[in-house]
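Trainee: So that you have it, the file is run39.cif, and it contains mmCIF, C-alpha atoms:
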data_query
#
loop_
_atom_site.label_atom_id
_atom_site.label_comp_id
_atom_site.auth_asym_id
_atom_site.auth_seq_id
_atom_site.Cartn_x
_atom_site.Cartn_y
_atom_site.Cartn_z
CA MET W 1 33.85 -10.10 1.05
CA THR W 2 33.67 -11.91 -2.29
CA PRO W 3 30.76 -11.20 -4.64
CA PHE W 4 29.40 -14.75 -4.16
CA LEU W 5 29.51 -14.45 -0.36
CA PHE W 6 27.88 -11.02 -0.60
CA MET W 7 25.00 -12.51 -2.60
CA LEU W 8 24.57 -15.33 -0.07
CA VAL W 9 24.47 -12.89 2.85
CA VAL W 10 21.92 -10.67 1.05
CA LEU W 11 19.87 -13.76 0.19
CA GLY W 12 19.82 -14.92 3.83
CA PHE W 13 18.76 -11.55 5.20
CA SER W 14 16.17 -11.23 2.43
CA VAL W 15 14.52 -14.53 3.42
CA GLY W 16 14.15 -13.23 6.97
CA ALA W 17 12.86 -9.87 5.77
CA GLY W 18 10.30 -11.53 3.50
CA LEU W 19 9.16 -13.81 6.31
CA LEU W 20 8.61 -10.93 8.74
CA GLY W 21 7.15 -8.74 6.04
CA SER W 22 4.52 -11.33 5.09
CA LEU W 23 3.53 -11.86 8.73
CA LEU W 24 3.39 -8.16 9.64
CA GLY W 25 2.24 -6.63 6.35
CA ILE W 26 5.06 -4.08 6.23
CA GLY W 27 7.17 -5.25 3.30
CA GLY W 28 10.84 -6.05 3.76
CA GLY W 29 12.28 -2.59 3.20
CA LEU W 30 12.27 -1.50 6.84
CA ILE W 31 14.53 -4.44 7.61
CA LEU W 32 16.62 -4.60 4.44
CA ILE W 33 17.58 -0.92 4.16
CA PRO W 34 19.41 -0.83 7.55
CA VAL W 35 21.06 -4.20 6.78
CA LEU W 36 22.24 -3.16 3.33
CA THR W 37 23.44 0.31 4.33
CA LEU W 38 24.83 -0.27 7.82
CA LEU W 39 26.13 -3.85 7.66
CA LEU W 40 26.97 -4.31 3.97
CA LYS W 41 27.85 -0.65 3.17
CA VAL W 42 25.58 -0.45 0.13
CA ASP W 43 24.82 3.03 -1.18
CA ILE W 44 21.46 4.26 0.11
CA GLN W 45 20.08 4.85 -3.40
CA TYR W 46 20.67 1.22 -4.40
CA ALA W 47 19.37 0.05 -1.02
CA VAL W 48 16.11 1.96 -1.58
CA GLY W 49 15.84 0.52 -5.09
CA ALA W 50 16.28 -2.99 -3.71
CA SER W 51 13.74 -2.17 -1.01
CA ILE W 52 11.12 -1.32 -3.65
CA VAL W 53 11.80 -4.68 -5.29
CA SER W 54 11.46 -6.40 -1.91
CA VAL W 55 8.07 -4.78 -1.27
CA ILE W 56 6.75 -5.97 -4.64
CA ALA W 57 8.21 -9.44 -4.03
CA THR W 58 6.69 -9.65 -0.53
CA SER W 59 3.29 -8.69 -1.86
CA SER W 60 3.53 -11.05 -4.82
CA GLY W 61 4.70 -13.95 -2.67
CA ALA W 62 2.09 -13.48 0.06
CA ALA W 63 -0.97 -11.82 -1.44
CA ALA W 64 -2.08 -14.77 -3.58
CA ALA W 65 -2.19 -17.12 -0.58
CA TYR W 66 -3.98 -14.54 1.58
CA VAL W 67 -6.61 -13.87 -1.09
CA ARG W 68 -7.14 -17.60 -1.62
CA ASP W 69 -7.61 -18.16 2.12
CA ARG W 70 -9.98 -15.14 2.36
CA MET W 71 -7.64 -13.58 4.91
CA ALA W 72 -7.04 -10.49 2.76
CA ASN W 73 -10.13 -8.29 2.46
CA THR W 74 -9.95 -7.17 -1.18
CA ARG W 75 -12.97 -4.84 -0.85
CA VAL W 76 -11.29 -2.95 1.99
CA ALA W 77 -7.99 -2.91 0.06
CA MET W 78 -9.49 -1.39 -3.10
CA PHE W 79 -11.44 1.17 -1.07
CA LEU W 80 -8.36 2.28 0.87
CA GLU W 81 -6.02 2.29 -2.15
CA LEU W 82 -7.86 5.36 -3.42
CA ALA W 83 -6.54 7.38 -0.46
CA THR W 84 -3.12 5.73 -0.39
CA THR W 85 -2.42 6.53 -4.03
CA ALA W 86 -3.59 10.13 -3.64
CA GLY W 87 -1.44 10.46 -0.53
CA ALA W 88 1.64 9.09 -2.31
CA LEU W 89 1.26 11.73 -5.03
CA SER W 90 0.88 14.44 -2.39
CA GLY W 91 3.93 13.15 -0.52
CA ALA W 92 6.06 13.15 -3.67
CA PHE W 93 5.04 16.79 -4.23
CA LEU W 94 5.69 17.81 -0.62
CA SER W 95 9.03 16.02 -0.37
CA GLY W 96 10.82 18.99 -1.93
CA MET W 97 9.08 21.52 0.32
CA VAL W 98 9.26 20.00 3.81
CA GLY W 99 12.48 19.56 5.77
CA GLY W 100 13.58 15.95 6.05
CA ARG W 101 14.32 16.10 9.79
CA GLY W 102 10.82 17.28 10.59
CA VAL W 103 9.30 14.43 8.58
CA TYR W 104 11.42 11.89 10.42
CA PHE W 105 10.31 13.29 13.77
CA VAL W 106 6.63 13.21 12.79
CA PHE W 107 6.89 9.69 11.40
CA GLY W 108 8.73 8.43 14.47
CA ALA W 109 6.19 10.01 16.81
CA VAL W 110 3.28 8.46 14.88
CA MET W 111 4.94 5.04 14.98
CA ALA W 112 5.57 5.28 18.72
CA TRP W 113 1.96 6.33 19.36
CA SER W 114 0.63 3.49 17.19
CA ALA W 115 2.80 0.98 19.04
CA LEU W 116 1.57 2.15 22.45
CA VAL W 117 -2.09 2.07 21.39
CA MET W 118 -1.70 -1.41 19.88
CA LEU W 119 0.03 -2.55 23.05
CA ARG W 120 -2.89 -1.27 25.10
CA ARG W 121 -5.32 -3.13 22.83
CA MET W 122 -3.65 -6.41 23.79
CA ARG W 123 -5.60 -6.17 27.05
CA VAL W 124 -8.92 -5.63 25.24
CA SER W 125 -11.07 -8.67 24.53
CA ALA W 126 -11.24 -9.68 20.87
CA GLU W 127 -14.97 -10.21 21.35
CA GLU W 128 -15.61 -6.55 22.20
CA PRO W 129 -18.55 -5.38 20.02
CA VAL W 130 -17.69 -3.33 16.95
CA PRO W 131 -19.85 -0.20 16.41
CA ALA W 132 -22.22 -0.44 13.46
CA ASP W 133 -21.40 1.69 10.43
CA ALA W 134 -23.87 2.39 7.60
CA LEU W 135 -21.17 3.03 4.97
CA ALA W 136 -19.35 -0.21 5.79
CA ASP W 137 -22.67 -2.05 5.51
CA ARG W 138 -23.46 -0.40 2.18
CA LEU W 139 -20.03 -1.26 0.75
CA ALA W 140 -20.18 -4.82 2.19
CA LEU W 141 -16.74 -4.50 3.78
CA HIS W 142 -17.35 -7.16 6.45
CA GLY W 143 -15.89 -10.65 6.07
CA SER W 144 -14.67 -13.86 7.63
CA TYR W 145 -11.66 -16.18 7.45
CA TRP W 146 -10.54 -19.55 8.77
CA ASP W 147 -8.11 -19.18 11.70
CA GLU W 148 -6.04 -22.34 11.94
CA SER W 149 -4.60 -21.38 15.33
CA GLN W 150 -8.13 -21.20 16.79
CA GLY W 151 -9.57 -24.00 14.68
CA ARG W 152 -12.66 -22.03 13.70
CA GLU W 153 -14.14 -19.56 11.24
CA VAL W 154 -13.70 -15.98 12.46
CA SER W 155 -16.32 -13.44 11.34
CA TYR W 156 -15.64 -9.74 11.73
CA ARG W 157 -17.31 -6.41 11.07
CA VAL W 158 -15.66 -3.25 9.75
CA THR W 159 -16.37 0.18 11.20
CA ARG W 160 -15.33 3.80 10.54
CA PRO W 161 -14.20 3.34 6.89
CA LEU W 162 -13.94 7.11 6.40
CA ALA W 163 -11.51 7.35 9.34
CA GLY W 164 -9.49 4.56 7.74
CA LEU W 165 -9.55 6.43 4.43
CA GLY W 166 -8.14 9.56 6.10
CA LEU W 167 -5.39 7.60 7.85
CA MET W 168 -4.50 5.88 4.58
CA TYR W 169 -4.05 9.27 2.94
CA VAL W 170 -1.60 10.16 5.71
CA ALA W 171 0.16 6.80 5.28
CA GLY W 172 0.50 7.38 1.53
CA THR W 173 1.78 10.92 2.07
CA VAL W 174 4.46 9.78 4.50
CA SER W 175 5.41 6.97 2.13
CA GLY W 176 5.81 9.41 -0.76
CA MET W 177 7.87 11.82 1.34
CA LEU W 178 10.25 9.25 2.82
CA GLY W 179 10.42 6.79 -0.08
CA ILE W 180 9.50 3.81 2.11
CA GLY W 181 6.59 1.41 2.21
CA SER W 182 3.67 2.51 4.37
CA GLY W 183 2.66 -0.89 5.74
CA ALA W 184 3.82 0.19 9.19
CA LEU W 185 1.05 2.81 9.09
CA LYS W 186 -1.55 0.84 7.12
CA VAL W 187 -1.76 -2.03 9.58
CA PRO W 188 -2.36 0.15 12.69
CA ALA W 189 -4.93 2.20 10.73
CA MET W 190 -6.97 -0.90 9.86
CA ASP W 191 -6.45 -2.48 13.27
CA LEU W 192 -7.15 0.56 15.46
CA ALA W 193 -9.56 2.68 13.43
CA MET W 194 -11.50 0.13 11.39
CA ARG W 195 -11.26 -2.69 13.96
CA LEU W 196 -10.19 -5.40 11.51
CA PRO W 197 -8.57 -8.47 13.13
CA LEU W 198 -4.79 -8.09 13.11
CA LYS W 199 -4.31 -11.06 10.78
CA VAL W 200 -6.75 -9.53 8.29
CA SER W 201 -5.01 -6.15 8.62
CA THR W 202 -1.57 -7.60 7.85
CA ALA W 203 -2.86 -9.77 5.00
CA THR W 204 -4.74 -6.83 3.45
CA SER W 205 -1.68 -4.61 3.85
CA ASN W 206 0.40 -7.21 2.00
CA PHE W 207 -2.13 -7.07 -0.82
CA MET W 208 -1.96 -3.26 -0.93
CA ILE W 209 1.77 -2.51 -0.61
CA GLY W 210 2.61 -4.20 -3.90
CA VAL W 211 0.27 -1.87 -5.78
CA THR W 212 1.83 1.20 -4.18
CA ALA W 213 5.41 0.00 -4.73
CA ALA W 214 4.81 -1.01 -8.34
CA ALA W 215 3.71 2.55 -9.12
CA SER W 216 7.10 3.93 -8.04
CA ALA W 217 9.36 1.09 -9.20
CA GLY W 218 9.53 2.46 -12.74
CA VAL W 219 10.90 5.77 -11.47
CA TYR W 220 13.70 4.04 -9.55
CA PHE W 221 14.48 1.83 -12.56
CA ALA W 222 14.66 4.84 -14.87
CA ARG W 223 17.08 6.53 -12.45
CA GLY W 224 19.34 3.47 -12.51
CA ASN W 225 18.85 2.84 -8.78
CA ILE W 226 17.93 -0.84 -9.17
CA ASP W 227 21.16 -2.85 -9.38
CA PRO W 228 20.47 -6.46 -10.51
CA PHE W 229 23.46 -7.67 -8.47
CA ILE W 230 21.68 -6.48 -5.30
CA ALA W 231 18.04 -6.67 -6.34
CA GLY W 232 18.37 -10.22 -7.73
CA PRO W 233 19.15 -12.05 -4.46
CA VAL W 234 16.79 -9.67 -2.62
CA CYS W 235 13.91 -10.63 -4.91
CA VAL W 236 14.61 -14.38 -4.63
CA GLY W 237 15.08 -14.32 -0.85
CA VAL W 238 12.10 -12.09 -0.08
CA THR W 239 9.80 -14.13 -2.32
CA LEU W 240 10.88 -17.34 -0.57
CA GLY W 241 10.42 -15.79 2.88
CA ALA W 242 7.01 -14.36 1.97
CA TRP W 243 5.90 -17.77 0.63
CA LEU W 244 6.96 -19.49 3.84
CA GLY W 245 5.26 -16.90 6.03
CA SER W 246 1.97 -16.74 4.14
CA ARG W 247 1.49 -20.45 3.45
CA HIS W 248 2.96 -22.08 6.53
CA LEU W 249 3.01 -19.63 9.46
CA MET W 250 0.30 -16.95 9.31
CA GLY W 251 -2.63 -19.34 9.83
CA ARG W 252 -0.94 -21.06 12.77
CA VAL W 253 0.53 -18.11 14.64
CA ASN W 254 -1.31 -16.76 17.67
CA SER W 255 -2.79 -13.26 17.20
CA THR W 256 -1.49 -12.05 20.59
CA TRP W 257 2.06 -13.12 19.70
CA LEU W 258 1.71 -11.49 16.29
CA ARG W 259 0.56 -8.22 17.87
CA ALA W 260 3.50 -8.26 20.30
CA LEU W 261 5.93 -8.82 17.42
CA PHE W 262 4.38 -5.99 15.43
CA VAL W 263 4.57 -3.62 18.41
CA GLY W 264 8.26 -4.47 18.80
CA VAL W 265 8.93 -3.70 15.12
CA LEU W 266 7.00 -0.42 15.36
CA LEU W 267 9.03 0.69 18.38
CA TRP W 268 12.25 -0.14 16.54
CA VAL W 269 11.11 1.82 13.48
CA ALA W 270 10.08 4.76 15.69
CA PHE W 271 13.51 4.76 17.35
CA GLU W 272 15.31 4.70 13.99
CA MET W 273 13.16 7.51 12.56
CA LEU W 274 13.64 9.71 15.63
CA ARG W 275 17.37 9.01 15.61
CA LYS W 276 17.62 10.06 11.96
CA GLY W 277 15.64 13.19 12.68
CA TRP W 278 17.91 14.06 15.62
CA ALA W 279 21.17 13.39 13.76
CA PRO W 280 22.85 16.49 12.34
#
Using structure tokens, write down the structure from this file.
Mentor:
Amino acid sequence: MTPFLFMLVVLGFSVGAGLLGSLLGIGGGLILIPVLTLLLKVDIQYAVGASIVSVIATSSGAAAAYVRDRMANTRVAMFLELATTAGALSGAFLSGMVGGRGVYFVFGAVMAWSALVMLRRMRVSAEEPVPADALADRLALHGSYWDESQGREVSYRVTRPLAGLGLMYVAGTVSGMLGIGSGALKVPAMDLAMRLPLKVSTATSNFMIGVTAAASAGVYFARGNIDPFIAGPVCVGVTLGAWLGSRHLMGRVNSTWLRALFVGVLLWVAFEMLRKGWAP
């Protein structure tokens, strides 16, 4: 494969990764790392470096539109980032003490459980009352957004913020231990524990993952793990895909379809994590 063709292939996959990442709030790394390492035979260290760039690009390309449209809840994001950042520091510390295979098994099991619970919630009415929470009221975490697919303003209430804070600490810890974005854990935490609408959860996750990734990007750059030949087309493609997803698709897509897509991605991630943990 010529260098020019390689860049075109990376660019094409990056557009798709950015599109899915902006819709699901998971960043593009979970898609790009297997593509770069398995299909294009890129060294894992450079693939992870490009993944960090893709997460920042996804967040940058999508977050502005989500904040403008009031789909991203910035109060919830800033509240939860406290736990995510602390968890990432803990995960970086624990990464040298805990066996990698055990972490993969735990992460895969958590992803599979989250997928099954989210799948079960597809049968639950979106109008089911949300329990009142004094802390959420005091912090004014509730909000509303315009849902183009429903043609109306959707108001929502937030509950159990402390449970969300605890789950975000776990998400940050796993992210720090595995060196991946934690959007796949952040979205279920907001959706299942705090009862945010799925679109708000994914939009808020997009807003948050860029902050987390930016904190670690300098470390990867200092190590020389960010190759401009790989990261360049990744950044361009992911930004384009994130722009398309956030500005043209998120408002129109049906929440049930979005949940089904997210469950499918979670099951795939769970399978990959369990497979890595099982491999010798």
Trainee: Can you turn the PyMOL selection byres ((chain W and resi 161) around 10) into a concrete residue list for this file, as a list in words?
Mentor: Val76, Phe79, Leu80, Asp133, Ala134, Leu135, Ala136, Leu139, Leu141, Val158, Thr159, Arg160, Leu162, Ala163, Gly164, Leu165, Gly166, Leu167, Met190, Ala193, Met194 and Arg195 of chain W
Trainee: For the file shown, report as a JSON list (two decimals) with C-alpha atoms, in the frame of the given file the outcome of the PyMOL selection byres ((chain W and resi 67) around 12) at residue level.
Mentor:
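Done, and the output landed in part-v7.json:
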[["chain", "number", "residue", "atom", "x", "y", "z"],
["W", 59, "SER", "CA", 3.29, -8.69, -1.86],
["W", 60, "SER", "CA", 3.53, -11.05, -4.82],
["W", 61, "GLY", "CA", 4.70, -13.95, -2.67],
["W", 62, "ALA", "CA", 2.09, -13.48, 0.06],
["W", 63, "ALA", "CA", -0.97, -11.82, -1.44],
["W", 64, "ALA", "CA", -2.08, -14.77, -3.58],
["W", 65, "ALA", "CA", -2.19, -17.12, -0.58],
["W", 66, "TYR", "CA", -3.98, -14.54, 1.58],
["W", 68, "ARG", "CA", -7.14, -17.60, -1.62],
["W", 69, "ASP", "CA", -7.61, -18.16, 2.12],
["W", 70, "ARG", "CA", -9.98, -15.14, 2.36],
["W", 71, "MET", "CA", -7.64, -13.58, 4.91],
["W", 72, "ALA", "CA", -7.04, -10.49, 2.76],
["W", 73, "ASN", "CA", -10.13, -8.29, 2.46],
["W", 74, "THR", "CA", -9.95, -7.17, -1.18],
["W", 75, "ARG", "CA", -12.97, -4.84, -0.85],
["W", 77, "ALA", "CA", -7.99, -2.91, 0.06],
["W", 144, "SER", "CA", -14.67, -13.86, 7.63],
["W", 145, "TYR", "CA", -11.66, -16.18, 7.45],
["W", 200, "VAL", "CA", -6.75, -9.53, 8.29],
["W", 203, "ALA", "CA", -2.86, -9.77, 5.00],
["W", 204, "THR", "CA", -4.74, -6.83, 3.45],
["W", 205, "SER", "CA", -1.68, -4.61, 3.85],
["W", 206, "ASN", "CA", 0.40, -7.21, 2.00],
["W", 207, "PHE", "CA", -2.13, -7.07, -0.82],
["W", 208, "MET", "CA", -1.96, -3.26, -0.93],
["W", 246, "SER", "CA", 1.97, -16.74, 4.14],
["W", 247, "ARG", "CA", 1.49, -20.45, 3.45]]
Trainee: Between W:Gly108, W:Gly241, W:Gly87, W:Pro233, which is the closest to Ala171 in chain W once you count only C-alpha atoms?
Mentor: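 Among W:Gly108, W:Gly241, W:Gly87, W:Pro233, it is W:Gly87 that comes nearest to Ala171 in chain W.
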Trainee: Evaluate the PyMOL selection byres ((chain W and resi 10) around 12) and record the selected residues as number ranges by chain, following the chain and residue labels used in the document.
Mentor: W: 1, 3-9, 11-18, 31-33, 35-37, 39-42, 47, 50-51, 54, 229-238
Trainee: Is it possible to get the residues within 12 Å of (-4.2, 2.6, 18.9) (coordinates as in the file, counting only C-alpha atoms) written as an NGL selection string?
Mentor: :W and (110-122 or 124 or 185 or 187-195 or 259 or 263)
Trainee: Nearest to Phe271 in chain W among W:Met168, W:Val106, W:Ala242, W:Ala57, with distances taken over all atoms listed in the file: which residue is it?
Mentor: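 Answer, going by the shortest atom-to-atom distance: W:Val106.
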Trainee: Just to confirm, what's the straight-line distance from CA of Tyr220 in chain W to CA of Asp43 in chain W in Å (one decimal)?
Mentor: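 Taking CA of Tyr220 in chain W as the start and CA of Asp43 in chain W as the end point, the length is 14.0 Å.
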Trainee: So how many Å separate CA of Ser201 in chain W and CA of Ala83 in chain W, to one decimal?
Mentor: 16.4 Å
Trainee: Of the residues W:Gly245, W:Gly25, W:Pro34, W:Gly91, which is the one nearest to Lys199 in chain W, using all atoms listed in the file?
Mentor: W:Gly25
Trainee: How far is it from CA of Trp257 in chain W to CA of Glu148 in chain W, in Å with one decimal?
Mentor: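 Taking CA of Trp257 in chain W as the start and CA of Glu148 in chain W as the end point, the length is 14.5 Å.
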Trainee: Could you check which of W:Ile56, W:Ala279, W:Leu274, W:Ala222 is closest to Ala109 in chain W, using only C-alpha atoms?
Mentor: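 Residue with the minimum atom-to-atom distance to Ala109 in chain W: W:Leu274.
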Trainee: Of the residues W:Ile209, W:Ile52, W:Leu267, W:Leu198, which is the one nearest to Asn254 in chain W, using only C-alpha atoms?
Mentor: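 Of the candidates, the smallest distance to Asn254 in chain W is held by W:Leu198.
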Trainee: Find the residue from W:Tyr104, W:Val211, W:Leu240, W:Tyr46 that sits nearest to Leu82 in chain W; use all atoms listed in the file when measuring.
Mentor: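 Comparing W:Tyr104, W:Val211, W:Leu240, W:Tyr46 against Leu82 in chain W, the winner is W:Val211.
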Trainee: Would you mind completing range 214-245 of chain W so that it carries N, CA and C atoms, and writing it out as an mmCIF file, in the frame of the given file?
Mentor:
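As a result, out.cif now contains:
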data_model
loop_
_atom_site.group_PDB
_atom_site.id
_atom_site.type_symbol
_atom_site.label_atom_id
_atom_site.label_comp_id
_atom_site.auth_asym_id
_atom_site.auth_seq_id
_atom_site.Cartn_x
_atom_site.Cartn_y
_atom_site.Cartn_z
ATOM 1 N N ALA W 214 4.697 -0.837 -6.896
ATOM 2 C CA ALA W 214 4.810 -1.010 -8.340
ATOM 3 C C ALA W 214 4.694 0.324 -9.069
ATOM 4 N N ALA W 215 3.899 1.243 -8.492
ATOM 5 C CA ALA W 215 3.710 2.550 -9.120
ATOM 6 C C ALA W 215 5.006 3.361 -9.125
ATOM 7 N N SER W 216 5.867 3.157 -8.128
ATOM 8 C CA SER W 216 7.100 3.930 -8.040
ATOM 9 C C SER W 216 8.326 3.181 -8.542
ATOM 10 N N ALA W 217 8.191 1.878 -8.787
ATOM 11 C CA ALA W 217 9.360 1.090 -9.200
ATOM 12 C C ALA W 217 9.928 1.580 -10.529
ATOM 13 N N GLY W 218 9.051 1.985 -11.450
ATOM 14 C CA GLY W 218 9.530 2.460 -12.740
ATOM 15 C C GLY W 218 10.410 3.683 -12.631
ATOM 16 N N VAL W 219 10.092 4.564 -11.672
ATOM 17 C CA VAL W 219 10.900 5.770 -11.470
ATOM 18 C C VAL W 219 12.304 5.397 -11.012
ATOM 19 N N TYR W 220 12.390 4.471 -10.046
ATOM 20 C CA TYR W 220 13.700 4.040 -9.550
ATOM 21 C C TYR W 220 14.494 3.317 -10.647
ATOM 22 N N PHE W 221 13.797 2.539 -11.472
ATOM 23 C CA PHE W 221 14.480 1.830 -12.560
ATOM 24 C C PHE W 221 15.027 2.820 -13.584
ATOM 25 N N ALA W 222 14.216 3.844 -13.900
ATOM 26 C CA ALA W 222 14.660 4.840 -14.870
ATOM 27 C C ALA W 222 15.863 5.627 -14.352
ATOM 28 N N ARG W 223 15.944 5.816 -13.047
ATOM 29 C CA ARG W 223 17.080 6.530 -12.450
ATOM 30 C C ARG W 223 18.332 5.664 -12.373
ATOM 31 N N GLY W 224 18.203 4.379 -12.626
ATOM 32 C CA GLY W 224 19.340 3.470 -12.510
ATOM 33 C C GLY W 224 19.645 3.061 -11.090
ATOM 34 N N ASN W 225 18.646 3.154 -10.193
ATOM 35 C CA ASN W 225 18.850 2.840 -8.780
ATOM 36 C C ASN W 225 18.557 1.380 -8.439
ATOM 37 N N ILE W 226 18.179 0.580 -9.418
ATOM 38 C CA ILE W 226 17.930 -0.840 -9.170
ATOM 39 C C ILE W 226 19.075 -1.626 -9.798
ATOM 40 N N ASP W 227 19.996 -2.089 -8.954
ATOM 41 C CA ASP W 227 21.160 -2.850 -9.380
ATOM 42 C C ASP W 227 20.814 -4.332 -9.348
ATOM 43 N N PRO W 228 20.836 -5.030 -10.497
ATOM 44 C CA PRO W 228 20.470 -6.460 -10.510
ATOM 45 C C PRO W 228 21.332 -7.316 -9.573
ATOM 46 N N PHE W 229 22.577 -6.912 -9.350
ATOM 47 C CA PHE W 229 23.460 -7.670 -8.470
ATOM 48 C C PHE W 229 22.946 -7.673 -7.032
ATOM 49 N N ILE W 230 22.265 -6.585 -6.638
ATOM 50 C CA ILE W 230 21.680 -6.480 -5.300
ATOM 51 C C ILE W 230 20.221 -6.903 -5.317
ATOM 52 N N ALA W 231 19.477 -6.405 -6.296
ATOM 53 C CA ALA W 231 18.040 -6.670 -6.340
ATOM 54 C C ALA W 231 17.728 -8.130 -6.647
ATOM 55 N N GLY W 232 18.614 -8.820 -7.379
ATOM 56 C CA GLY W 232 18.370 -10.220 -7.730
ATOM 57 C C GLY W 232 18.225 -11.126 -6.502
ATOM 58 N N PRO W 233 19.285 -11.224 -5.662
ATOM 59 C CA PRO W 233 19.150 -12.050 -4.460
ATOM 60 C C PRO W 233 18.090 -11.537 -3.489
ATOM 61 N N VAL W 234 17.859 -10.216 -3.466
ATOM 62 C CA VAL W 234 16.790 -9.670 -2.620
ATOM 63 C C VAL W 234 15.443 -10.207 -3.074
ATOM 64 N N CYS W 235 15.195 -10.173 -4.374
ATOM 65 C CA CYS W 235 13.910 -10.630 -4.910
ATOM 66 C C CYS W 235 13.691 -12.107 -4.632
ATOM 67 N N VAL W 236 14.726 -12.934 -4.862
ATOM 68 C CA VAL W 236 14.610 -14.380 -4.630
ATOM 69 C C VAL W 236 14.380 -14.668 -3.149
ATOM 70 N N GLY W 237 15.185 -14.060 -2.287
ATOM 71 C CA GLY W 237 15.080 -14.320 -0.850
ATOM 72 C C GLY W 237 13.768 -13.841 -0.256
ATOM 73 N N VAL W 238 13.339 -12.635 -0.620
ATOM 74 C CA VAL W 238 12.100 -12.090 -0.080
ATOM 75 C C VAL W 238 10.898 -12.903 -0.551
ATOM 76 N N THR W 239 10.902 -13.316 -1.819
ATOM 77 C CA THR W 239 9.800 -14.130 -2.320
ATOM 78 C C THR W 239 9.712 -15.458 -1.567
ATOM 79 N N LEU W 240 10.861 -16.085 -1.323
ATOM 80 C CA LEU W 240 10.880 -17.340 -0.570
ATOM 81 C C LEU W 240 10.380 -17.126 0.848
ATOM 82 N N GLY W 241 10.859 -16.075 1.515
ATOM 83 C CA GLY W 241 10.420 -15.790 2.880
ATOM 84 C C GLY W 241 8.939 -15.473 2.953
ATOM 85 N N ALA W 242 8.442 -14.698 1.988
ATOM 86 C CA ALA W 242 7.010 -14.360 1.970
ATOM 87 C C ALA W 242 6.163 -15.609 1.733
ATOM 88 N N TRP W 243 6.631 -16.514 0.891
ATOM 89 C CA TRP W 243 5.900 -17.770 0.630
ATOM 90 C C TRP W 243 5.838 -18.614 1.898
ATOM 91 N N LEU W 244 6.950 -18.711 2.599
ATOM 92 C CA LEU W 244 6.960 -19.490 3.840
ATOM 93 C C LEU W 244 6.034 -18.879 4.886
ATOM 94 N N GLY W 245 6.087 -17.553 5.025
ATOM 95 C CA GLY W 245 5.260 -16.900 6.030
ATOM 96 C C GLY W 245 3.776 -16.993 5.747
#
